[in-house]
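Colleague: This is upload.cif (mmCIF, C-alpha atoms).
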```
data_query
#
loop_
_atom_site.label_atom_id
_atom_site.label_comp_id
_atom_site.auth_asym_id
_atom_site.auth_seq_id
_atom_site.Cartn_x
_atom_site.Cartn_y
_atom_site.Cartn_z
CA MET A 17 61.46 86.80 -56.55
CA SER A 18 59.52 83.91 -54.96
CA ALA A 19 56.89 82.13 -56.99
CA GLN A 20 53.30 82.29 -55.86
CA THR A 21 51.43 79.09 -55.10
CA PRO A 22 48.07 78.46 -56.79
CA SER A 23 46.42 78.94 -53.41
CA ASP A 24 48.03 82.35 -52.94
CA ARG A 25 47.01 83.45 -56.43
CA THR A 26 43.42 82.45 -55.67
CA VAL A 27 43.34 84.80 -52.67
CA ALA A 28 43.28 87.78 -55.00
CA ARG A 29 40.13 86.50 -56.68
CA HIS A 30 38.25 86.60 -53.39
CA GLY A 31 38.24 90.36 -53.13
CA TRP A 32 36.27 93.06 -51.48
CA ILE A 33 33.52 93.11 -54.09
CA GLN A 34 32.57 89.52 -53.31
CA ALA A 35 32.74 90.24 -49.57
CA VAL A 36 30.48 93.29 -49.86
CA THR A 37 28.05 91.33 -52.05
CA THR A 38 27.90 88.46 -49.55
CA VAL A 39 27.27 90.70 -46.54
CA LEU A 40 24.76 92.94 -48.31
CA ALA A 41 22.81 89.95 -49.57
CA ALA A 42 22.68 88.48 -46.05
CA LEU A 43 21.58 91.75 -44.43
CA ILE A 44 18.93 92.36 -47.10
CA ALA A 45 17.57 88.83 -46.70
CA MET A 46 17.42 89.15 -42.91
CA ALA A 47 15.85 92.60 -43.03
CA ALA A 48 13.26 91.44 -45.57
CA VAL A 49 12.25 88.41 -43.49
CA ALA A 50 12.14 90.51 -40.31
CA ALA A 51 10.15 93.30 -41.96
CA LEU A 52 7.57 90.93 -43.43
CA GLY A 53 7.19 89.10 -40.14
CA LEU A 54 6.83 92.29 -38.12
CA TRP A 55 4.39 93.67 -40.68
CA ALA A 56 2.28 90.53 -40.39
CA ALA A 57 2.40 90.95 -36.60
CA GLY A 58 1.09 94.52 -36.87
CA ALA A 59 4.32 96.36 -36.05
CA ALA A 60 3.95 98.60 -39.10
CA ASP A 61 1.45 100.65 -37.07
CA LEU A 62 3.95 101.56 -34.34
CA PRO A 63 4.06 105.30 -33.63
CA GLY A 64 6.93 107.61 -34.38
CA ASN A 65 8.01 105.89 -37.60
CA ALA A 66 9.57 103.21 -35.43
CA PHE A 67 9.09 100.32 -37.83
CA PRO A 68 12.55 100.53 -39.53
CA ARG A 69 14.23 100.76 -36.13
CA VAL A 70 12.31 97.74 -34.86
CA VAL A 71 13.40 95.83 -37.97
CA ALA A 72 17.02 96.79 -37.26
CA ALA A 73 16.67 95.65 -33.66
CA THR A 74 15.20 92.35 -34.81
CA VAL A 75 18.15 91.73 -37.11
CA VAL A 76 20.54 92.64 -34.29
CA THR A 77 18.98 90.05 -31.98
CA ALA A 78 18.94 87.49 -34.80
CA VAL A 79 22.75 87.50 -34.95
CA GLY A 80 23.18 87.32 -31.19
CA GLY A 81 23.34 91.05 -30.54
CA SER A 82 22.07 92.62 -27.35
CA ILE A 83 19.12 95.00 -27.07
CA GLU A 84 18.79 96.95 -23.84
CA LEU A 85 15.30 97.98 -22.75
CA SER A 86 14.84 101.12 -20.70
CA GLY A 87 11.90 102.64 -18.89
CA ASP A 88 10.99 106.04 -17.48
CA ALA A 89 7.81 106.91 -15.61
CA GLY A 90 8.70 110.09 -13.78
CA ALA A 91 10.27 110.82 -10.42
CA ILE A 92 7.71 108.91 -8.35
CA ALA A 93 7.30 105.93 -10.63
CA ASP A 94 9.51 103.16 -11.88
CA THR A 95 9.51 100.90 -14.91
CA GLN A 96 11.49 97.75 -15.48
CA ALA A 97 11.89 95.78 -18.68
CA ASP A 98 14.12 93.09 -20.11
CA LEU A 99 14.10 90.98 -23.25
CA THR A 100 16.16 87.99 -24.37
CA VAL A 101 15.09 86.27 -27.58
CA MET A 102 16.47 85.27 -30.98
CA PRO A 103 14.07 85.30 -33.96
CA LEU A 104 15.53 82.17 -35.51
CA SER A 105 13.69 82.49 -38.83
CA VAL A 106 15.67 85.68 -39.44
CA THR A 107 18.82 84.00 -38.13
CA LEU A 108 18.38 81.04 -40.47
CA ALA A 109 17.84 83.27 -43.50
CA GLY A 110 21.04 85.19 -42.83
CA ALA A 111 23.06 82.07 -42.10
CA LEU A 112 22.06 80.39 -45.37
CA VAL A 113 22.94 83.46 -47.43
CA VAL A 114 26.28 84.02 -45.67
CA ALA A 115 27.22 80.36 -46.07
CA ALA A 116 26.33 80.33 -49.77
CA GLY A 117 28.21 83.58 -50.43
CA PHE A 118 31.29 82.43 -48.53
CA LEU A 119 31.47 79.04 -50.22
CA ARG A 120 30.78 80.18 -53.78
CA PRO A 121 34.33 81.37 -54.62
CA LEU A 122 35.79 78.19 -53.10
CA ARG A 123 33.73 75.62 -54.99
CA HIS A 124 35.22 72.99 -57.29
CA ARG A 125 38.48 72.77 -55.33
CA ALA A 126 39.80 70.06 -53.05
CA VAL A 127 42.41 71.91 -51.00
CA ALA A 128 42.88 75.54 -49.99
CA GLY A 129 45.69 77.17 -48.08
CA THR A 130 45.18 78.49 -44.57
CA SER A 131 46.13 82.00 -45.71
CA GLU A 132 43.50 81.89 -48.45
CA LEU A 133 40.64 80.81 -46.19
CA SER A 134 41.60 83.21 -43.40
CA GLY A 135 42.05 86.09 -45.84
CA TRP A 136 38.66 85.50 -47.45
CA ALA A 137 37.00 85.18 -44.05
CA ALA A 138 38.70 88.37 -42.83
CA ARG A 139 37.33 90.36 -45.78
CA VAL A 140 33.81 89.15 -45.04
CA ALA A 141 34.29 89.89 -41.33
CA VAL A 142 35.42 93.49 -41.95
CA VAL A 143 32.36 94.25 -44.09
CA TRP A 144 30.13 92.41 -41.63
CA LEU A 145 31.56 94.52 -38.78
CA LEU A 146 30.58 97.71 -40.58
CA GLY A 147 27.09 96.32 -41.13
CA LEU A 148 26.77 95.43 -37.44
CA ILE A 149 27.76 98.93 -36.38
CA GLY A 150 25.20 100.45 -38.73
CA LEU A 151 22.45 98.15 -37.45
CA ALA A 152 23.31 98.84 -33.82
CA LEU A 153 23.20 102.60 -34.34
CA ALA A 154 19.83 102.34 -36.08
CA ALA A 155 18.26 100.05 -33.47
CA ARG A 156 17.01 102.58 -30.91
CA GLN A 157 13.57 104.01 -30.17
CA ASP A 158 11.35 105.26 -27.31
CA PHE A 159 7.62 104.67 -26.91
CA GLU A 160 5.04 106.20 -24.60
CA ILE A 161 2.74 103.68 -22.94
CA SER A 162 -0.90 104.55 -22.48
CA LEU A 163 -2.31 103.97 -19.00
CA GLY A 164 -5.77 103.65 -20.47
CA ASP A 165 -8.86 104.96 -18.71
CA GLY A 166 -9.71 104.71 -15.06
CA VAL A 167 -8.03 105.10 -11.70
CA VAL A 168 -4.54 104.16 -12.88
CA SER A 169 -4.66 106.83 -15.58
CA ASP A 170 -5.94 109.44 -13.13
CA ILE A 171 -3.17 108.65 -10.65
CA GLY A 172 -0.57 108.86 -13.41
CA ASP A 173 -1.84 112.26 -14.57
CA LEU A 174 -2.00 113.59 -11.01
CA LEU A 175 1.53 112.52 -10.11
CA GLY A 176 3.08 113.31 -13.47
CA ALA A 177 3.96 109.72 -14.26
CA SER A 178 4.01 109.21 -18.01
CA PRO A 179 5.51 105.77 -18.53
CA LYS A 180 7.89 105.30 -21.43
CA VAL A 181 9.79 102.30 -22.61
CA GLY A 182 12.53 102.21 -25.20
CA PHE A 183 15.20 100.00 -26.65
CA GLU A 184 18.76 100.54 -27.72
CA ALA A 185 21.35 98.15 -29.09
CA ASP A 186 24.40 97.53 -26.93
CA LEU A 187 27.10 98.30 -29.48
CA PRO A 188 30.08 96.43 -27.93
CA LEU A 189 28.07 93.27 -27.21
CA THR A 190 26.39 93.42 -30.60
CA VAL A 191 29.76 93.60 -32.34
CA LEU A 192 31.22 90.81 -30.19
CA PHE A 193 28.36 88.34 -30.54
CA GLY A 194 27.71 89.32 -34.14
CA LEU A 195 31.29 88.45 -35.09
CA LEU A 196 31.07 85.20 -33.14
CA TRP A 197 27.85 84.40 -35.01
CA LEU A 198 29.59 85.03 -38.33
CA ALA A 199 32.54 82.86 -37.34
CA GLY A 200 30.20 80.04 -36.35
CA VAL A 201 28.30 80.24 -39.63
CA ILE A 202 31.52 80.17 -41.68
CA VAL A 203 32.99 77.25 -39.74
CA LEU A 204 29.74 75.29 -40.01
CA ALA A 205 29.49 76.03 -43.73
CA VAL A 206 33.00 74.70 -44.33
CA LEU A 207 32.27 71.61 -42.23
CA VAL A 208 28.96 70.84 -43.94
CA SER A 209 29.81 71.44 -47.58
CA PRO A 210 31.41 68.38 -49.19
CA ARG A 211 32.97 70.57 -51.88
CA ALA A 212 34.46 73.21 -49.60
CA PRO A 213 38.27 73.00 -49.61
CA LEU A 214 40.26 72.49 -46.43
CA PRO A 215 43.91 73.13 -45.59
CA ALA A 216 45.96 69.97 -46.15
CA ARG A 217 46.66 69.44 -42.45
CA LEU A 218 42.92 69.43 -41.65
CA LEU A 219 41.93 66.86 -44.26
CA ARG A 220 42.19 64.04 -41.72
CA PHE A 221 39.18 65.51 -39.88
CA GLN A 222 37.04 65.49 -43.01
CA GLU A 223 35.79 61.91 -42.81
CA PRO A 224 34.60 61.80 -39.18
CA VAL A 225 33.19 65.35 -39.05
CA ARG A 226 31.63 66.30 -42.38
CA PRO A 227 29.05 63.50 -42.75
CA ALA A 228 27.76 64.09 -39.22
CA ALA A 229 27.67 67.87 -39.64
CA PHE A 230 25.83 67.57 -42.94
CA ALA A 231 23.31 65.16 -41.41
CA MET A 232 22.59 67.52 -38.50
CA VAL A 233 22.02 70.51 -40.77
CA ALA A 234 19.74 68.39 -42.93
CA LEU A 235 17.89 67.30 -39.78
CA LEU A 236 17.32 70.88 -38.60
CA LEU A 237 16.18 72.03 -42.03
CA SER A 238 13.85 69.04 -42.27
CA CYS A 239 12.28 70.06 -38.95
CA VAL A 240 11.71 73.55 -40.34
CA ALA A 241 10.22 72.13 -43.55
CA VAL A 242 7.79 69.93 -41.61
CA GLY A 243 6.84 72.86 -39.40
CA LEU A 244 6.30 75.07 -42.44
CA VAL A 245 3.91 72.56 -43.99
CA VAL A 246 1.95 72.26 -40.73
CA ALA A 247 1.80 76.06 -40.34
CA LEU A 248 0.52 76.54 -43.89
CA VAL A 249 -2.14 73.88 -43.38
CA VAL A 250 -3.22 75.59 -40.14
CA ALA A 251 -3.37 78.97 -41.88
CA ALA A 252 -5.46 77.53 -44.70
CA THR A 253 -7.90 75.59 -42.53
CA ARG A 254 -8.21 77.55 -39.29
CA GLY A 255 -7.67 81.16 -40.31
CA HIS A 256 -5.44 83.63 -38.45
CA VAL A 257 -3.35 83.95 -41.59
CA ALA A 258 -1.48 87.11 -40.56
CA GLU A 259 -0.54 85.72 -37.15
CA THR A 260 0.58 82.43 -38.66
CA PHE A 261 2.81 84.14 -41.21
CA ALA A 262 4.25 86.33 -38.45
CA VAL A 263 5.27 83.17 -36.60
CA ILE A 264 6.67 81.59 -39.78
CA LEU A 265 8.77 84.63 -40.66
CA LEU A 266 10.01 85.38 -37.14
CA GLY A 267 10.06 82.27 -35.00
CA LEU A 268 9.24 79.06 -36.85
CA PRO A 269 12.60 77.40 -35.99
CA ASN A 270 12.10 78.45 -32.36
CA LEU A 271 8.92 76.39 -32.25
CA VAL A 272 9.86 73.37 -34.35
CA TRP A 273 13.28 72.91 -32.76
CA LEU A 274 11.67 73.23 -29.33
CA ALA A 275 9.17 70.54 -30.35
CA PHE A 276 12.02 68.39 -31.66
CA THR A 277 13.84 68.43 -28.31
CA ILE A 278 10.61 67.68 -26.44
CA GLY A 279 10.01 64.70 -28.73
CA LEU A 280 13.46 63.41 -27.78
CA GLY A 281 12.47 63.57 -24.11
CA ALA A 282 13.85 66.95 -23.11
CA SER A 283 12.16 69.14 -20.51
CA TRP A 284 11.77 72.91 -20.53
CA GLU A 285 10.63 75.30 -17.82
CA GLY A 286 8.46 78.29 -18.51
CA ARG A 287 5.80 80.73 -17.45
CA VAL A 288 3.43 83.17 -19.14
CA GLN A 289 1.91 85.91 -17.03
CA GLY A 290 0.05 89.09 -17.92
CA PRO A 291 -0.46 90.42 -21.44
CA PHE A 292 2.41 88.48 -22.92
CA GLY A 293 1.63 85.38 -24.87
CA LEU A 294 3.62 82.86 -26.83
CA PRO A 295 2.89 82.65 -30.58
CA VAL A 296 2.47 78.91 -30.22
CA PRO A 297 -0.30 76.30 -30.32
CA HIS A 298 -2.89 76.88 -27.63
CA VAL A 299 -1.80 73.81 -25.66
CA LEU A 300 1.61 75.35 -24.92
CA ASP A 301 0.06 78.56 -23.67
CA GLU A 302 -2.25 76.55 -21.40
CA VAL A 303 0.65 74.61 -19.88
CA LEU A 304 2.77 77.73 -19.30
CA ARG A 305 0.10 80.17 -18.07
CA THR A 306 0.25 79.21 -14.38
CA ARG A 307 1.04 80.93 -11.11
CA ASP A 308 4.42 79.22 -10.78
CA ILE A 309 7.11 77.93 -13.13
CA SER A 310 5.71 75.07 -15.21
CA THR A 311 7.45 72.06 -16.69
CA LEU A 312 7.05 71.60 -20.41
CA ASP A 313 7.57 68.02 -21.59
CA LEU A 314 5.69 65.19 -23.26
CA SER A 315 3.75 64.18 -20.18
CA THR A 316 2.53 67.67 -19.25
CA LEU A 317 1.56 68.42 -22.85
CA ALA A 318 -0.22 65.07 -23.17
CA GLU A 319 -2.51 66.04 -20.27
CA TYR A 320 -3.99 68.70 -22.56
CA ASP A 321 -3.62 67.01 -25.95
CA GLY A 322 -2.65 63.37 -26.44
CA ARG A 323 -1.56 64.00 -30.01
CA VAL A 324 1.78 65.35 -28.76
CA TRP A 325 3.00 61.75 -28.54
CA TRP A 326 3.27 61.91 -32.32
CA LEU A 327 6.35 64.06 -31.72
CA VAL A 328 8.20 60.90 -30.68
CA ALA A 329 7.32 59.15 -33.95
CA VAL A 330 8.26 62.19 -36.04
CA ASP A 331 11.57 62.54 -34.20
CA ALA A 332 12.30 58.84 -34.74
CA VAL A 333 11.80 59.19 -38.49
CA LEU A 334 13.90 62.35 -38.69
CA VAL A 335 16.78 61.07 -36.55
CA LEU A 336 16.89 57.70 -38.32
CA GLY A 337 16.87 59.53 -41.65
CA ALA A 338 19.77 61.67 -40.50
CA ALA A 339 21.63 58.55 -39.35
CA PHE A 340 21.11 56.86 -42.70
CA LEU A 341 22.23 60.00 -44.53
CA MET A 342 25.37 60.24 -42.42
CA ALA A 343 26.19 56.57 -43.02
CA THR A 344 25.76 56.83 -46.79
CA ARG A 345 28.09 59.86 -46.92
CA SER A 346 30.75 58.17 -44.78
CA PRO A 347 33.50 55.90 -46.09
CA ALA A 348 32.60 52.23 -46.24
CA ARG A 349 35.34 51.31 -43.76
CA VAL A 350 33.63 53.19 -40.89
CA ARG A 351 32.11 50.64 -38.51
CA ALA A 352 28.63 50.68 -37.05
CA TRP A 353 29.77 51.55 -33.52
CA GLN A 354 31.75 54.48 -34.93
CA HIS A 355 28.64 55.74 -36.72
CA ALA A 356 26.74 55.49 -33.45
CA LEU A 357 29.39 57.47 -31.60
CA HIS A 358 29.64 60.14 -34.31
CA LEU A 359 25.87 60.65 -34.43
CA ALA A 360 25.57 60.72 -30.64
CA VAL A 361 28.14 63.50 -30.33
CA ALA A 362 26.70 65.43 -33.27
CA LEU A 363 23.10 65.17 -32.02
CA ALA A 364 24.12 66.17 -28.49
CA LEU A 365 25.90 69.27 -29.80
CA THR A 366 22.90 70.09 -31.98
CA VAL A 367 20.46 69.84 -29.08
CA LEU A 368 22.80 71.91 -26.91
CA ALA A 369 22.82 74.62 -29.58
CA ILE A 370 18.99 74.54 -29.73
CA CYS A 371 18.79 74.90 -25.95
CA LEU A 372 21.07 77.93 -26.02
CA LEU A 373 19.39 79.61 -28.99
CA ALA A 374 15.69 78.91 -28.41
CA ARG A 375 15.30 80.04 -24.81
CA LEU A 376 13.62 83.38 -24.19
CA SER A 377 12.57 85.74 -21.45
CA ALA A 378 10.66 89.01 -21.32
CA HIS A 379 9.38 91.16 -18.49
CA TYR A 380 7.80 94.56 -18.12
CA GLY A 381 6.45 96.19 -14.97
CA LEU A 382 5.26 99.59 -13.78
CA SER A 383 5.00 100.71 -10.16
CA LEU A 384 3.90 103.97 -8.56
CA LEU A 385 5.30 105.05 -5.17
CA GLY A 386 6.95 101.65 -4.96
CA ILE A 387 3.61 99.84 -4.75
CA GLY A 388 3.85 96.76 -6.92
CA ASP A 389 2.93 96.36 -10.56
CA LEU A 390 -0.15 98.34 -11.50
CA GLY A 391 -2.83 97.04 -13.80
CA GLY A 392 -3.05 93.65 -15.39
CA GLY A 393 -2.25 95.21 -18.75
CA LEU A 394 0.84 97.07 -17.53
CA SER A 395 2.99 94.18 -16.37
CA GLY A 396 3.83 90.72 -17.50
CA GLN A 397 6.44 88.00 -17.69
CA LEU A 398 7.35 85.45 -20.31
CA LEU A 399 9.94 82.77 -19.63
CA LEU A 400 11.11 79.65 -21.45
CA ARG A 401 14.35 77.87 -20.55
CA PRO A 402 15.65 74.32 -21.03
CA ARG A 403 16.94 71.73 -18.62
CA ILE A 404 20.10 71.45 -20.65
CA TRP A 405 21.77 68.34 -19.31
CA THR A 406 18.59 66.28 -19.49
CA ALA A 407 18.16 67.30 -23.12
CA VAL A 408 21.79 66.53 -23.99
CA GLY A 409 21.58 63.17 -22.23
CA PHE A 410 18.53 62.09 -24.21
CA ALA A 411 20.22 63.29 -27.42
CA LEU A 412 23.26 61.12 -26.70
CA LEU A 413 21.03 58.08 -26.17
CA TRP A 414 19.01 58.71 -29.33
CA GLY A 415 22.20 59.29 -31.30
CA LEU A 416 23.79 56.03 -30.19
CA VAL A 417 20.75 53.93 -31.08
CA ALA A 418 19.89 55.73 -34.32
CA GLY A 419 23.53 55.87 -35.46
CA PHE A 420 23.89 52.11 -35.08
CA LEU A 421 20.59 51.40 -36.86
CA GLY A 422 21.42 53.88 -39.61
CA ALA A 423 24.74 52.18 -40.23
CA LEU A 424 23.07 48.77 -40.51
CA SER A 425 20.42 50.09 -42.91
CA ALA A 426 23.12 51.62 -45.12
CA THR A 427 25.04 48.38 -45.61
CA ARG A 428 23.15 47.65 -48.85
CA VAL A 429 23.95 51.10 -50.25
CA ARG A 430 27.22 51.59 -52.08
CA ARG A 431 29.26 54.21 -50.26
CA ARG A 432 32.39 56.23 -50.89
CA GLY A 433 35.53 54.14 -50.84
CA GLU A 434 33.69 50.86 -51.38
CA VAL A 435 34.98 48.59 -54.14
CA PRO A 436 32.25 46.57 -55.92
CA ALA A 437 32.56 42.81 -56.09
CA ALA A 438 33.61 41.08 -59.28
CA GLY A 439 30.07 39.94 -60.05
CA ALA A 440 28.76 43.47 -59.64
CA ARG A 441 31.47 44.77 -61.97
CA ASP A 442 30.48 42.21 -64.60
CA ARG A 443 26.83 43.24 -64.37
CA ASN A 444 27.75 46.96 -64.53
CA PRO A 445 30.47 47.31 -67.15
#
```
Starting from the file, give its structure as C-alpha cells.
Modeller:
Amino acid sequence: MSAQTPSDRTVARHGWIQAVTTVLAALIAMAAVAALGLWAAGAADLPGNAFPRVVAATVVTAVGGSIELSGDAGAIADTQADLTVMPLSVTLAGALVVAAGFLRPLRHRAVAGTSELSGWAARVAVVWLLGLIGLALAARQDFEISLGDGVVSDIGDLLGASPKVGFEADLPLTVLFGLLWLAGVIVLAVLVSPRAPLPARLLRFQEPVRPAAFAMVALLLSCVAVGLVVALVVAATRGHVAETFAVILLGLPNLVWLAFTIGLGASWEGRVQGPFGLPVPHVLDEVLRTRDISTLDLSTLAEYDGRVWWLVAVDAVLVLGAAFLMATRSPARVRAWQHALHLAVALALTVLAICLLARLSAHYGLSLLGIGDLGGGLSGQLLLRPRIWTAVGFALLWGLVAGFLGALSATRVRRRGEVPAAGARDRNP
C-alpha cells in the first residue's frame, strides 16, 4: 500500500461542505447586493411578482451570463430589444466572497500539490454549476408595456397590438461564462494572496507575478473606495439618496473604473437616446445625449466641467501608490526597469479587463406596420464602448513611468530578501 503525501491527505479536508458553504455565501451576497440595489431603484414595484426573477437575472449578468430580451406586439407590430451590461458591484461582492472561501482552507501553507488545488477547485465548480443552473431557470419574466394615452394607444387598441417585452437567461451561455468567471476569480485569488500555496513547479512565477497582481487588485479596490466616499458625500449634500444607493449597489465599479481609464487618457464612445439614461453625473449624460456617437474623454468632459482634470491627479496618486506597493512586496534584487515592465504589463491587462467588463448597450423599439419607432417614450438606445487599444497604450505608458518611480521611492524601505547592513544590525539587535 502506497503512503499518502501530506498534500494528498489535505485534499480530504477540503470537502463538499466547504464547497457548498463557499458557493452559497457568494450567491447570497450577490443576491443581497442586487436586491438592495434594485429595491433602491424602484424595481420592487414591478408587476407580476417579478422582483425575485429580476434579482436572479441581475446575478446572472454579474457573473457574465447572458440574458435574452424578447418582444411581442401582435401580428402587425414588431418589438426589438437587446441588453448587454454587467452590474459590477454585484460582481465584486461575489468575487470577494468566492476568493475568501476558496483560500480559507489553504491558508498557512507554502506549497500545495496540483491534485489538491484542482480537486478543491473542482468541488467548488460543481456546486457553482448547480447554482448557475438554478439562477438561469429562475431568471425569466414577461411584462406588458403601456402605450399610454393618445393616438398611439388608440392605434394599438384598434390593430390589436399589445406590446410585451420579456427576458430569459440563455442557459448554455450562462453556464459557460459563469464557469469562466469562477475560474478567473480562483486564479486571481491564488495569484494575489501571498499566503496561498502553489504547486512546486509554479513557485518560480511567484516573485514576478504576485506583487503586481496584488497591487492591481489594491488599485481597483482603492478606486471603488474613493468612489464610495464621493457617492456618500453626494447623497448627504445633494439628496437623491435612493438613486445614489442604487448606483452604489449596482454599478459603482462601472463608474469609477470608467473614470479611472479616462483619467489615464483613454477614450470611450457612447450615445444616450430616448428614455434611457445613465446613472452617472449629469456631465456624462450631457456629453452622450447627442444625435450621433459621441467621444467621451478628458477634453470633451472638460468642455462641460473643468473639474474632470482632477481625474489625472487622482489617477497619478493611485497608480504611484500601486507602484510603491508592488515594489515593497517584491524581492530587493528586482531592478527598477523590471518593476517598470511588470507594472506596465499588469496595468495594461487591468485596463483591458475594465474595457471588456464596463461597456454596455441597451436598445428597445416598437413599430407598427413597419413604420419606424413610435413615441419618444417607446424607443431608446444606450451605448458605451471603449477604444481598447488607445486605453491599453496609455496604460502601458503610465505603468512604465510609475513602475520606475515606485521602485526608486521604495529603495529606502526594507524589502523581502534584503539583508541589513552591519550598522543597522548593531542598532537593531
Colleague: Contacts of Ala60 (chain A) at 10 Å or less, counting all atoms listed in the file, minus same-chain residues fewer than 6 places along, as an NGL selection string?
Modeller: :A and (51-52 or 54 or 66-68 or 70-71)
Colleague: Counting all atoms listed in the file, figure out which residue out of A:Leu195, A:Leu248, A:Leu280, A:Val208 gets nearest to Phe230 (chain A).
Modeller: A:Val208
Colleague: Mind listing whatever residues come within 10 Å of the point (26.5, 79.9, -46.9)? Use all atoms listed in the file, file coordinates, and give them as JSON, numbers by chain.
Modeller: {"A": [38, 42, 109, 110, 111, 112, 113, 114, 115, 116, 117, 118, 119, 120, 201, 202, 204, 205, 206, 208, 209]}
Colleague: Which residues would end up in the selection if the PyMOL selection byres ((chain A and resi 397-403) around 6) were applied here, given that I need the answer as a PyMOL selection string?
Modeller: chain A and resi 283-289+371+375-379+396+404-406
Colleague: Write out as a list in words each polymer residue whose atoms come within 7 Å of region 333-345 of chain A, counting only C-alpha atoms; drop sequence neighbours fewer than 3 positions from it.
Modeller: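 So the residues in contact are Pro227, Ala228, Ala231, Met232, Leu235, Ala329, Val330, His355, Leu359, Ala418, Gly419, Gly422, Ala423, Ser425, Ala426, Val429, Arg431 and Arg432 of chain A.
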Colleague: When you draw a straight line from CA of Ile83 (chain A) to CA of Leu192 (chain A), how long is it in Å?
Modeller: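 Spanning CA of Ile83 (chain A) to CA of Leu192 (chain A) is a straight-line distance of 13.2 Å.
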Colleague: Given the file shown, enumerate the residues that the PyMOL selection byres ((chain A and resi 150) around 12) captures and present them as a JSON list (two decimals) with C-alpha atoms, keeping the file's coordinate frame.
Modeller:
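Listed below is the output, part_25.json:
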```json
[["chain", "number", "residue", "atom", "x", "y", "z"],
["A", 43, "LEU", "CA", 21.58, 91.75, -44.43],
["A", 69, "ARG", "CA", 14.23, 100.76, -36.13],
["A", 72, "ALA", "CA", 17.02, 96.79, -37.26],
["A", 73, "ALA", "CA", 16.67, 95.65, -33.66],
["A", 75, "VAL", "CA", 18.15, 91.73, -37.11],
["A", 76, "VAL", "CA", 20.54, 92.64, -34.29],
["A", 143, "VAL", "CA", 32.36, 94.25, -44.09],
["A", 144, "TRP", "CA", 30.13, 92.41, -41.63],
["A", 145, "LEU", "CA", 31.56, 94.52, -38.78],
["A", 146, "LEU", "CA", 30.58, 97.71, -40.58],
["A", 147, "GLY", "CA", 27.09, 96.32, -41.13],
["A", 148, "LEU", "CA", 26.77, 95.43, -37.44],
["A", 149, "ILE", "CA", 27.76, 98.93, -36.38],
["A", 151, "LEU", "CA", 22.45, 98.15, -37.45],
["A", 152, "ALA", "CA", 23.31, 98.84, -33.82],
["A", 153, "LEU", "CA", 23.20, 102.60, -34.34],
["A", 154, "ALA", "CA", 19.83, 102.34, -36.08],
["A", 155, "ALA", "CA", 18.26, 100.05, -33.47],
["A", 156, "ARG", "CA", 17.01, 102.58, -30.91],
["A", 185, "ALA", "CA", 21.35, 98.15, -29.09],
["A", 187, "LEU", "CA", 27.10, 98.30, -29.48],
["A", 190, "THR", "CA", 26.39, 93.42, -30.60],
["A", 191, "VAL", "CA", 29.76, 93.60, -32.34]]
```
Colleague: For region 219-308 of chain A versus region 315-320 of chain A, which residues have an atom no more than 10 Å away, and what is each residue's nearest atom pair and distance in Å rounded to one decimal, using all atoms listed in the file, chain-then-number order, as CSV?
Modeller:
```
residue,atom,partner,partner_atom,distance
A:Ile278,CA,A:Leu317,CA,9.8
A:Gly281,CA,A:Ser315,CA,9.6
A:Ser283,CA,A:Ser315,CA,9.8
A:His298,CA,A:Tyr320,CA,9.7
A:Val299,CA,A:Tyr320,CA,6.4
A:Leu300,CA,A:Leu317,CA,7.2
A:Glu302,CA,A:Tyr320,CA,8.1
A:Val303,CA,A:Leu317,CA,6.9
```
Colleague: Once the PyMOL selection byres ((chain A and resi 272-276) around 8) has been evaluated on this model, what residues remain selected, and can you format them as a count of residues only?
Modeller: 16
Colleague: Using only C-alpha atoms for the distances, tell me which of A:Thr260, A:Thr74, A:Thr100, A:Ser346 is nearest to Ala229 (chain A).
Modeller: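 Among the listed residues, A:Ser346 lies closest to Ala229 (chain A).
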Colleague: By how many Å are CA of Gly182 (chain A) and CA of Asn65 (chain A) apart?
Modeller: 13.7 Å
Colleague: Which residue is closest to Leu108 (chain A)? Choose from A:Val324, A:Ile309, A:Ala212, A:Met46 and count only C-alpha atoms.
Modeller: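 The answer is A:Met46, which sits nearest to Leu108 (chain A).
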